[in-house]
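Asker: I am sharing target_32.csv, which consists of CSV, C-alpha atoms:
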```csv
chain,number,residue,atom,x,y,z
A,1,MET,CA,47.8,17.2,65.7
A,2,SER,CA,50.0,19.3,63.5
A,3,ALA,CA,49.9,17.3,60.3
A,4,GLN,CA,50.5,19.0,57.1
A,5,ALA,CA,47.4,19.2,55.0
A,6,PHE,CA,47.5,17.4,51.7
A,7,THR,CA,45.2,18.4,48.9
A,8,LEU,CA,45.0,15.7,46.3
A,9,THR,CA,44.3,16.9,42.8
A,10,VAL,CA,44.0,15.0,39.6
A,11,SER,CA,46.9,16.6,37.9
A,12,ARG,CA,46.8,17.0,34.2
A,13,SER,CA,49.8,15.5,32.5
A,14,PRO,CA,51.4,17.0,29.4
A,15,VAL,CA,50.0,14.1,27.4
A,16,LEU,CA,46.5,15.6,27.7
A,17,PHE,CA,47.5,18.6,25.8
A,18,THR,CA,48.7,16.6,22.9
A,19,GLY,CA,45.1,15.6,22.3
A,20,LEU,CA,43.4,16.8,19.2
A,21,MET,CA,41.2,19.8,19.0
A,22,THR,CA,37.8,19.7,17.2
A,23,ASP,CA,39.1,21.1,13.9
A,24,ASP,CA,42.0,18.7,14.0
A,25,ARG,CA,39.7,15.8,14.6
A,26,GLN,CA,37.6,16.8,11.5
A,27,THR,CA,40.8,16.9,9.5
A,28,LEU,CA,41.8,13.6,11.0
A,29,ALA,CA,38.4,12.0,10.2
A,30,ASN,CA,38.7,13.2,6.6
A,31,GLY,CA,42.2,11.7,6.4
A,32,LEU,CA,41.0,8.4,7.8
A,33,ARG,CA,38.1,8.3,5.4
A,34,ARG,CA,40.6,8.7,2.5
A,35,ARG,CA,42.8,6.1,4.1
A,36,ASP,CA,45.6,8.6,3.9
A,37,PRO,CA,48.9,6.8,4.7
A,38,ASP,CA,50.7,10.0,5.8
A,39,ALA,CA,47.9,10.8,8.3
A,40,LEU,CA,48.2,7.3,9.6
A,41,ASP,CA,51.9,7.5,9.9
A,42,ARG,CA,51.6,10.7,12.0
A,43,LEU,CA,49.0,9.1,14.2
A,44,ILE,CA,51.1,6.0,14.8
A,45,GLU,CA,54.0,8.2,15.8
A,46,GLN,CA,51.9,10.4,18.0
A,47,TYR,CA,50.0,7.6,19.9
A,48,GLN,CA,52.6,4.9,20.0
A,49,GLN,CA,53.5,5.4,23.6
A,50,ARG,CA,50.0,5.6,24.9
A,51,LEU,CA,48.6,2.8,22.8
A,52,TYR,CA,51.5,0.4,23.6
A,53,ARG,CA,51.3,1.2,27.3
A,54,TYR,CA,47.5,0.6,27.3
A,55,LEU,CA,47.9,-2.8,25.5
A,56,LEU,CA,50.8,-3.8,27.8
A,57,PHE,CA,48.8,-3.0,30.9
A,58,LEU,CA,45.9,-5.0,29.6
A,59,THR,CA,47.7,-8.1,28.3
A,60,GLY,CA,50.8,-8.1,30.6
A,61,GLU,CA,52.8,-9.6,27.6
A,62,PRO,CA,55.1,-7.4,25.6
A,63,ALA,CA,55.0,-9.7,22.5
A,64,LEU,CA,51.3,-9.8,22.5
A,65,ALA,CA,51.0,-6.1,23.1
A,66,GLU,CA,53.2,-5.6,20.0
A,67,ASP,CA,51.1,-7.8,17.8
A,68,LEU,CA,47.9,-6.1,19.0
A,69,PHE,CA,49.5,-2.7,18.5
A,70,GLN,CA,50.0,-3.5,14.8
A,71,GLU,CA,46.6,-5.0,14.5
A,72,THR,CA,45.0,-2.0,16.1
A,73,TRP,CA,46.4,0.3,13.5
A,74,ILE,CA,45.4,-2.1,10.7
A,75,ARG,CA,41.9,-1.9,12.0
A,76,VAL,CA,42.1,1.9,12.2
A,77,LEU,CA,43.0,1.8,8.5
A,78,GLU,CA,40.1,-0.5,7.7
A,79,ARG,CA,37.5,1.2,9.8
A,80,GLY,CA,38.7,4.8,9.5
A,81,HIS,CA,35.5,5.8,7.9
A,82,GLN,CA,33.6,4.9,11.1
A,83,TYR,CA,35.5,7.5,13.2
A,84,ASN,CA,33.2,10.3,14.3
A,85,ALA,CA,35.1,13.6,14.7
A,86,LYS,CA,32.8,14.6,17.5
A,87,SER,CA,34.5,12.1,19.8
A,88,LYS,CA,38.1,12.0,20.9
A,89,PHE,CA,40.3,10.0,18.7
A,90,GLU,CA,42.1,8.3,21.6
A,91,SER,CA,38.8,7.0,23.0
A,92,TRP,CA,38.0,5.5,19.6
A,93,LEU,CA,41.5,4.1,19.3
A,94,PHE,CA,41.5,2.5,22.8
A,95,ALA,CA,38.1,1.0,22.1
A,96,ILE,CA,39.4,-0.7,19.0
A,97,ALA,CA,42.5,-1.9,20.9
A,98,ARG,CA,40.3,-3.2,23.7
A,99,ASN,CA,38.0,-5.1,21.4
A,100,LEU,CA,41.1,-6.8,19.9
A,101,VAL,CA,42.4,-7.7,23.4
A,102,ILE,CA,39.0,-9.3,24.1
A,103,ASP,CA,39.0,-11.2,20.8
A,104,VAL,CA,42.5,-12.6,21.6
A,105,SER,CA,41.5,-13.5,25.2
A,106,ARG,CA,38.5,-15.4,23.8
A,107,ARG,CA,40.7,-17.3,21.4
A,108,LYS,CA,43.5,-18.0,23.8
A,109,LYS,CA,41.4,-18.3,27.0
A,110,PHE,CA,43.7,-16.1,29.0
A,111,ARG,CA,42.1,-16.0,32.4
A,112,SER,CA,43.2,-12.5,33.3
A,113,LEU,CA,42.0,-11.1,30.0
A,114,GLU,CA,38.7,-12.8,30.1
A,115,GLU,CA,38.0,-10.7,33.1
A,116,LEU,CA,38.0,-7.8,30.8
A,117,ALA,CA,35.4,-9.2,28.5
A,118,ASP,CA,33.0,-10.0,31.3
A,119,PRO,CA,34.1,-8.0,34.4
A,120,GLU,CA,32.0,-8.4,37.5
A,121,SER,CA,32.5,-5.7,40.1
A,122,ASN,CA,31.7,-8.1,42.9
A,123,GLN,CA,34.5,-10.5,42.1
A,124,PRO,CA,36.9,-11.1,44.9
A,125,PHE,CA,40.3,-9.6,44.5
A,126,GLU,CA,42.7,-11.9,42.7
A,127,PRO,CA,46.1,-11.3,41.2
A,128,PRO,CA,46.4,-12.0,37.4
A,129,ASP,CA,47.9,-15.2,36.3
A,130,ASP,CA,51.6,-15.8,37.0
A,131,HIS,CA,52.7,-15.9,33.4
A,132,ALA,CA,51.2,-12.6,32.4
A,133,ILE,CA,52.5,-10.8,35.5
A,134,SER,CA,56.0,-12.2,35.3
A,135,ALA,CA,56.4,-11.0,31.8
A,136,LEU,CA,55.3,-7.5,32.7
A,137,GLN,CA,57.3,-7.6,35.9
A,138,MET,CA,60.4,-8.4,33.9
A,139,LEU,CA,59.8,-5.5,31.6
A,140,VAL,CA,59.3,-3.1,34.5
A,141,ALA,CA,62.0,-4.5,36.7
A,142,ARG,CA,64.5,-4.1,33.9
A,143,GLU,CA,64.1,-0.4,34.1
A,144,ASN,CA,63.0,0.1,37.7
A,145,GLU,CA,62.8,-2.4,40.4
A,146,GLN,CA,60.9,-0.4,42.9
A,147,ALA,CA,58.5,-2.4,44.9
A,148,VAL,CA,55.8,0.2,44.5
A,149,GLN,CA,55.7,-0.1,40.8
A,150,LEU,CA,55.7,-3.9,40.8
A,151,SER,CA,52.9,-4.0,43.3
A,152,LEU,CA,50.8,-1.9,40.9
A,153,LEU,CA,50.8,-4.8,38.5
A,154,LYS,CA,49.2,-7.2,41.0
A,155,ILE,CA,45.7,-5.9,40.6
A,156,PRO,CA,43.2,-7.4,38.2
A,157,ALA,CA,43.4,-6.2,34.6
A,158,TYR,CA,40.0,-4.6,34.6
A,159,TYR,CA,40.9,-2.4,37.5
A,160,ARG,CA,44.3,-1.7,36.0
A,161,GLU,CA,42.6,-0.6,32.8
A,162,VAL,CA,40.3,2.0,34.3
A,163,LEU,CA,43.0,3.3,36.5
A,164,LEU,CA,45.3,3.7,33.5
A,165,LEU,CA,42.6,5.4,31.5
A,166,ARG,CA,41.7,7.7,34.3
A,167,PHE,CA,45.1,8.6,35.8
A,168,HIS,CA,47.5,8.0,33.0
A,169,GLU,CA,45.4,8.9,30.0
A,170,GLU,CA,43.3,11.3,32.0
A,171,LEU,CA,40.1,10.5,30.1
A,172,GLY,CA,36.9,11.7,31.5
A,173,LEU,CA,34.5,9.3,33.1
A,174,GLU,CA,32.1,9.4,30.1
A,175,GLU,CA,35.0,8.8,27.8
A,176,ILE,CA,36.1,5.8,29.8
A,177,ALA,CA,32.5,4.5,29.7
A,178,ALA,CA,32.6,4.9,25.9
A,179,VAL,CA,35.9,3.0,25.6
A,180,LEU,CA,34.6,0.2,27.8
A,181,ALA,CA,31.1,0.2,26.4
A,182,THR,CA,29.8,0.1,30.0
A,183,PRO,CA,27.5,2.4,32.0
A,184,LEU,CA,29.0,5.3,33.8
A,185,SER,CA,28.1,3.8,37.2
A,186,THR,CA,30.2,0.7,36.4
A,187,VAL,CA,33.2,2.9,35.5
A,188,LYS,CA,32.9,4.8,38.8
A,189,SER,CA,32.5,1.6,40.8
A,190,ARG,CA,35.5,0.0,39.1
A,191,LEU,CA,37.6,3.1,39.8
A,192,TYR,CA,36.7,3.1,43.5
A,193,ARG,CA,37.4,-0.6,43.8
A,194,GLY,CA,40.6,-0.2,41.7
A,195,LEU,CA,41.9,2.4,44.0
A,196,GLU,CA,41.3,0.2,46.9
A,197,ALA,CA,42.9,-2.8,45.2
A,198,LEU,CA,45.9,-0.6,44.3
A,199,LYS,CA,46.3,0.4,48.0
A,200,SER,CA,45.9,-3.2,49.1
A,201,ALA,CA,48.6,-4.4,46.6
A,202,LEU,CA,51.1,-2.0,48.0
A,203,PRO,CA,53.6,-3.4,50.4
A,204,GLU,CA,53.5,-1.9,53.9
A,205,GLY,CA,55.6,1.2,54.2
A,206,ALA,CA,55.8,1.8,50.5
A,207,ALA,CA,54.7,5.0,48.7
B,1,MET,CA,37.7,12.8,66.7
B,2,SER,CA,34.7,10.8,65.6
B,3,GLU,CA,35.2,7.7,63.5
B,4,ASN,CA,32.6,8.9,61.1
B,5,LEU,CA,34.6,11.9,60.3
B,6,HIS,CA,37.6,9.8,59.3
B,7,THR,CA,35.4,7.5,57.2
B,8,ARG,CA,33.9,10.6,55.5
B,9,ALA,CA,37.4,11.9,54.9
B,10,GLN,CA,38.5,8.6,53.3
B,11,ASN,CA,35.4,8.5,51.1
B,12,LEU,CA,35.9,12.1,50.0
B,13,LEU,CA,39.5,11.4,49.2
B,14,ALA,CA,38.4,8.6,46.9
B,15,GLN,CA,35.6,10.7,45.5
B,16,LEU,CA,38.0,13.6,44.8
B,17,LEU,CA,40.1,11.3,42.6
B,18,VAL,CA,37.3,9.6,40.8
B,19,GLU,CA,34.5,12.2,40.4
B,20,GLY,CA,35.8,15.4,41.9
B,21,LEU,CA,34.4,17.4,44.8
B,22,GLY,CA,32.2,20.3,45.2
B,23,ALA,CA,33.5,23.5,46.9
B,24,ALA,CA,31.9,22.8,50.3
B,25,GLU,CA,33.2,19.2,50.4
B,26,GLN,CA,36.6,20.3,49.3
B,27,SER,CA,36.8,22.9,52.1
B,28,TRP,CA,35.6,20.3,54.7
B,29,LEU,CA,38.2,17.8,53.5
B,30,ASP,CA,41.0,20.4,53.5
B,31,ALA,CA,40.1,21.4,57.0
B,32,HIS,CA,40.0,17.8,58.2
B,33,LEU,CA,43.3,16.9,56.6
B,34,HIS,CA,44.8,20.0,58.3
B,35,ASP,CA,43.8,18.7,61.7
B,36,CYS,CA,44.0,14.9,61.3
B,37,ALA,CA,47.5,13.4,60.9
B,38,ALA,CA,46.2,9.9,60.1
B,39,CYS,CA,43.9,11.1,57.3
B,40,ALA,CA,46.6,13.4,56.0
B,41,GLY,CA,49.0,10.5,56.0
B,42,GLU,CA,46.5,8.4,54.0
B,43,ALA,CA,46.1,11.3,51.5
B,44,ALA,CA,49.8,11.5,51.1
B,45,ARG,CA,50.1,7.8,50.7
B,46,THR,CA,47.4,7.8,48.0
B,47,HIS,CA,49.1,10.7,46.3
B,48,GLY,CA,52.4,8.8,46.3
B,49,LEU,CA,50.7,5.7,45.0
B,50,LEU,CA,49.2,7.5,42.0
B,51,GLN,CA,52.5,9.2,41.3
B,52,ALA,CA,54.1,5.8,41.3
B,53,PHE,CA,51.4,4.5,39.0
B,54,ARG,CA,51.9,7.3,36.6
B,55,THR,CA,55.6,6.8,36.4
B,56,VAL,CA,55.6,3.0,35.7
B,57,PRO,CA,58.3,2.9,33.0
B,58,VAL,CA,57.0,1.4,29.7
B,59,SER,CA,59.4,1.6,26.8
B,60,VAL,CA,57.9,1.2,23.3
B,61,PRO,CA,60.0,-1.5,21.5
B,62,ARG,CA,62.5,-0.1,19.1
B,63,ASP,CA,61.1,0.2,15.5
B,64,LEU,CA,57.6,-0.8,16.5
B,65,ALA,CA,56.2,2.4,15.1
B,66,ALA,CA,58.2,2.1,11.9
B,67,ARG,CA,57.3,-1.6,11.5
B,68,THR,CA,53.6,-0.7,12.0
B,69,GLN,CA,53.7,2.1,9.6
B,70,LEU,CA,55.2,-0.2,6.9
B,71,ARG,CA,52.6,-2.8,7.6
B,72,VAL,CA,49.7,-0.3,7.4
B,73,ARG,CA,51.0,1.1,4.2
B,74,LEU,CA,51.3,-2.3,2.6
B,75,ARG,CA,47.8,-3.2,3.7
B,76,ALA,CA,46.5,0.1,2.4
B,77,GLN,CA,48.0,-0.7,-1.0
B,78,GLN,CA,46.7,-4.2,-1.0
B,79,SER,CA,43.1,-3.2,-0.1
B,80,ALA,CA,42.9,0.1,-1.9
B,81,PRO,CA,39.9,0.2,-4.2
B,82,SER,CA,41.1,0.6,-7.8
B,83,SER,CA,40.0,4.1,-8.8
B,84,THR,CA,40.5,3.3,-12.5
B,85,SER,CA,38.3,0.2,-12.5
B,86,ASN,CA,35.7,2.1,-10.4
B,87,ALA,CA,35.6,5.0,-12.9
B,88,LEU,CA,35.3,2.5,-15.8
B,89,LEU,CA,32.4,0.8,-14.0
B,90,TRP,CA,30.6,4.1,-13.6
B,91,ILE,CA,31.1,5.0,-17.2
B,92,VAL,CA,29.8,1.6,-18.4
B,93,THR,CA,26.9,1.8,-16.1
B,94,THR,CA,25.9,5.2,-17.2
B,95,ALA,CA,26.2,4.4,-20.9
B,96,SER,CA,24.2,1.3,-20.4
B,97,TRP,CA,21.5,3.1,-18.6
B,98,LEU,CA,21.2,5.9,-21.2
B,99,LEU,CA,21.2,3.3,-24.0
B,100,GLY,CA,18.5,1.4,-22.2
B,101,VAL,CA,16.3,4.4,-21.7
B,102,PHE,CA,16.6,5.6,-25.3
B,103,SER,CA,16.3,2.2,-26.9
B,104,ALA,CA,13.4,1.0,-24.9
B,105,PRO,CA,10.7,2.0,-27.5
B,106,LEU,CA,12.6,0.2,-30.3
B,107,VAL,CA,13.1,-2.9,-28.1
B,108,TRP,CA,9.4,-3.0,-27.3
B,109,ARG,CA,8.5,-2.8,-30.9
B,110,GLY,CA,10.9,-5.6,-31.6
B,111,PHE,CA,9.2,-7.7,-28.9
B,112,ALA,CA,5.8,-6.8,-30.3
B,113,TRP,CA,6.9,-7.9,-33.8
B,114,VAL,CA,8.2,-11.2,-32.5
B,115,GLY,CA,5.1,-11.8,-30.5
B,116,THR,CA,2.9,-11.1,-33.6
B,117,GLN,CA,4.9,-13.5,-35.7
B,118,LEU,CA,4.9,-16.3,-33.0
B,119,ASN,CA,1.3,-15.6,-31.8
B,120,LEU,CA,2.6,-15.2,-28.2
B,121,PRO,CA,0.2,-13.9,-25.5
B,122,LYS,CA,0.8,-10.4,-24.2
B,123,PRO,CA,1.9,-11.4,-20.6
B,124,VAL,CA,4.8,-13.5,-22.1
B,125,LEU,CA,5.9,-10.5,-24.1
B,126,GLU,CA,5.9,-8.3,-21.1
B,127,LEU,CA,7.8,-10.9,-19.0
B,128,GLY,CA,10.4,-11.2,-21.8
B,129,PHE,CA,10.7,-7.4,-22.0
B,130,VAL,CA,11.2,-7.1,-18.2
B,131,LEU,CA,13.8,-9.9,-18.2
B,132,TRP,CA,15.6,-8.4,-21.1
B,133,TRP,CA,16.4,-5.3,-19.0
B,134,THR,CA,16.8,-6.8,-15.5
B,135,VAL,CA,18.8,-10.0,-16.0
B,136,PRO,CA,22.0,-8.3,-17.3
B,137,ALA,CA,21.8,-5.6,-14.5
B,138,LEU,CA,21.4,-8.3,-11.8
B,139,LEU,CA,24.3,-10.2,-13.2
B,140,ALA,CA,26.4,-7.1,-13.2
B,141,VAL,CA,25.5,-6.4,-9.5
B,142,ALA,CA,26.4,-10.0,-8.7
B,143,VAL,CA,29.8,-9.7,-10.3
B,144,VAL,CA,30.5,-6.4,-8.5
B,145,LEU,CA,29.5,-7.9,-5.1
B,146,HIS,CA,31.6,-11.0,-5.7
B,147,GLN,CA,34.6,-8.8,-6.5
B,148,ARG,CA,34.2,-6.7,-3.4
B,149,ALA,CA,33.7,-9.8,-1.2
B,150,ALA,CA,36.9,-11.3,-2.6
B,151,GLY,CA,38.7,-8.0,-2.0
B,152,SER,CA,37.7,-7.9,1.6
B,153,VAL,CA,38.8,-11.4,2.2
B,154,THR,CA,42.2,-10.7,0.6
B,155,ALA,CA,42.6,-7.6,2.8
B,156,GLY,CA,41.6,-9.5,5.9
B,157,ASN,CA,38.9,-6.9,6.5
B,158,ARG,CA,36.9,-7.8,9.6
B,159,PRO,CA,33.4,-6.6,10.1
```
Turn this file's structure into structure tokens for me.

Answerer:
Amino acid sequence: MSAQAFTLTVSRSPVLFTGLMTDDRQTLANGLRRRDPDALDRLIEQYQQRLYRYLLFLTGEPALAEDLFQETWIRVLERGHQYNAKSKFESWLFAIARNLVIDVSRRKKFRSLEELADPESNQPFEPPDDHAISALQMLVARENEQAVQLSLLKIPAYYREVLLLRFHEELGLEEIAAVLATPLSTVKSRLYRGLEALKSALPEGAA
Amino acid sequence: MSENLHTRAQNLLAQLLVEGLGAAEQSWLDAHLHDCAACAGEAARTHGLLQAFRTVPVSVPRDLAARTQLRVRLRAQQSAPSSTSNALLWIVTTASWLLGVFSAPLVWRGFAWVGTQLNLPKPVLELGFVLWWTVPALLAVAVVLHQRAAGSVTAGNRP
């Protein structure tokens, strides 16, 4: 066997380095406590891509993701005094967004989103509901119709979420656990199962 | 090659992505991938999969940030506590407290005089004295709490 050896590494994307340092976080916390609109403007600019992507991945609906994007920042304004500069701002931001998604899912009874509120690692693999995935598929397909990328969207939302936080946002396991308010062991379990689900969702011969 | 070795390699590949590997495990995996085409192929497939996952194109809707900034600013203006009214409240509270402290002996003498004139028992006088000081303060607290609650509802402030 003369196969080329592959060494997989969890690469650090540039977005990681746009994170805030400790001093910056203290400055940010002070700004949030003062409800400084300029500080919020900067944060909205800085985190728009990451927050919108997170919400879109969770909800699968662009319009809902937009609404929740705005609601998240309103909540950041109202609860800014609760931000602790010892933790990453993005973890706190994602936790707020996630709670809003769960609130909406409870009100609207979205099946795929309910899984987020009460995820069970032993649940069988099921694709999300057709409506949610079709909206997201349309959005993705408009820019890139590659089968690989579409297949990524077939996995349950609670797997998609941890995969996004780990491999897109590159949060640490403890940080993901904080966002999800779940034990570290659950995060790991979901990541392992999510990777498997991702592989299963991929068409034969792709990637 | 033993089936167990391939299983171990697959497990380590997943562990590498989720938790990371120690030096010994990483070395073992590298050596195995070098010798095993099937596992190396699986590693490449997983790598490609994650690359595809990372590059799913998501475009933020045009003006979403600007619309959000505007909405946040409006909300901030609506729900901003009035610094002027707060300052006034503190001034009035402080003046009231000072006046209360320094006028207490005079007020007590007044109560004692009224009690003497009306032949009221001492506990009634004491109760009246206590109410004289506490009722206005409790009413003021109730008004402030009511105003804050109304402000929160207006701002849509959720707990």

Asker: Compute the set of chain B residues within 8 Å of chain A, using only C-alpha atoms, and express it as a ChimeraX atom specification.

Answerer: /B:13-19,30-31,33-37,40,43-50,52-54,56-60,64-65,68-69,71-73,75-76,157

Asker: If I take atom CA of Gln82 of chain A and atom CA of Ala95 of chain A, how far is one from the other in Å, to one decimal?

Answerer: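 Interatomic distance, atom CA of Gln82 of chain A to atom CA of Ala95 of chain A: 12.5 Å.
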
Asker: Using atom CA of Ala197 of chain A and atom CA of Ala157 of chain A as the two end points, give the distance in Å to one decimal.

Answerer: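 Rounded to one decimal, the two atoms are 11.1 Å apart.
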
Asker: For atom CA of Val101 of chain A and atom CA of Glu61 of chain A, quote the distance in Å rounded to one decimal.

Answerer: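 We find that atom CA of Val101 of chain A and atom CA of Glu61 of chain A lie 11.4 Å from each other.
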
Asker: For Asp23 of chain A, please output as a list of chain:residue names all residues within 10 Å (counting all atoms listed in the file; exclusion window: fewer than 6 positions along the same chain).

Answerer: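 Returned residues: A:Ala29, A:Ala85, A:Lys86.
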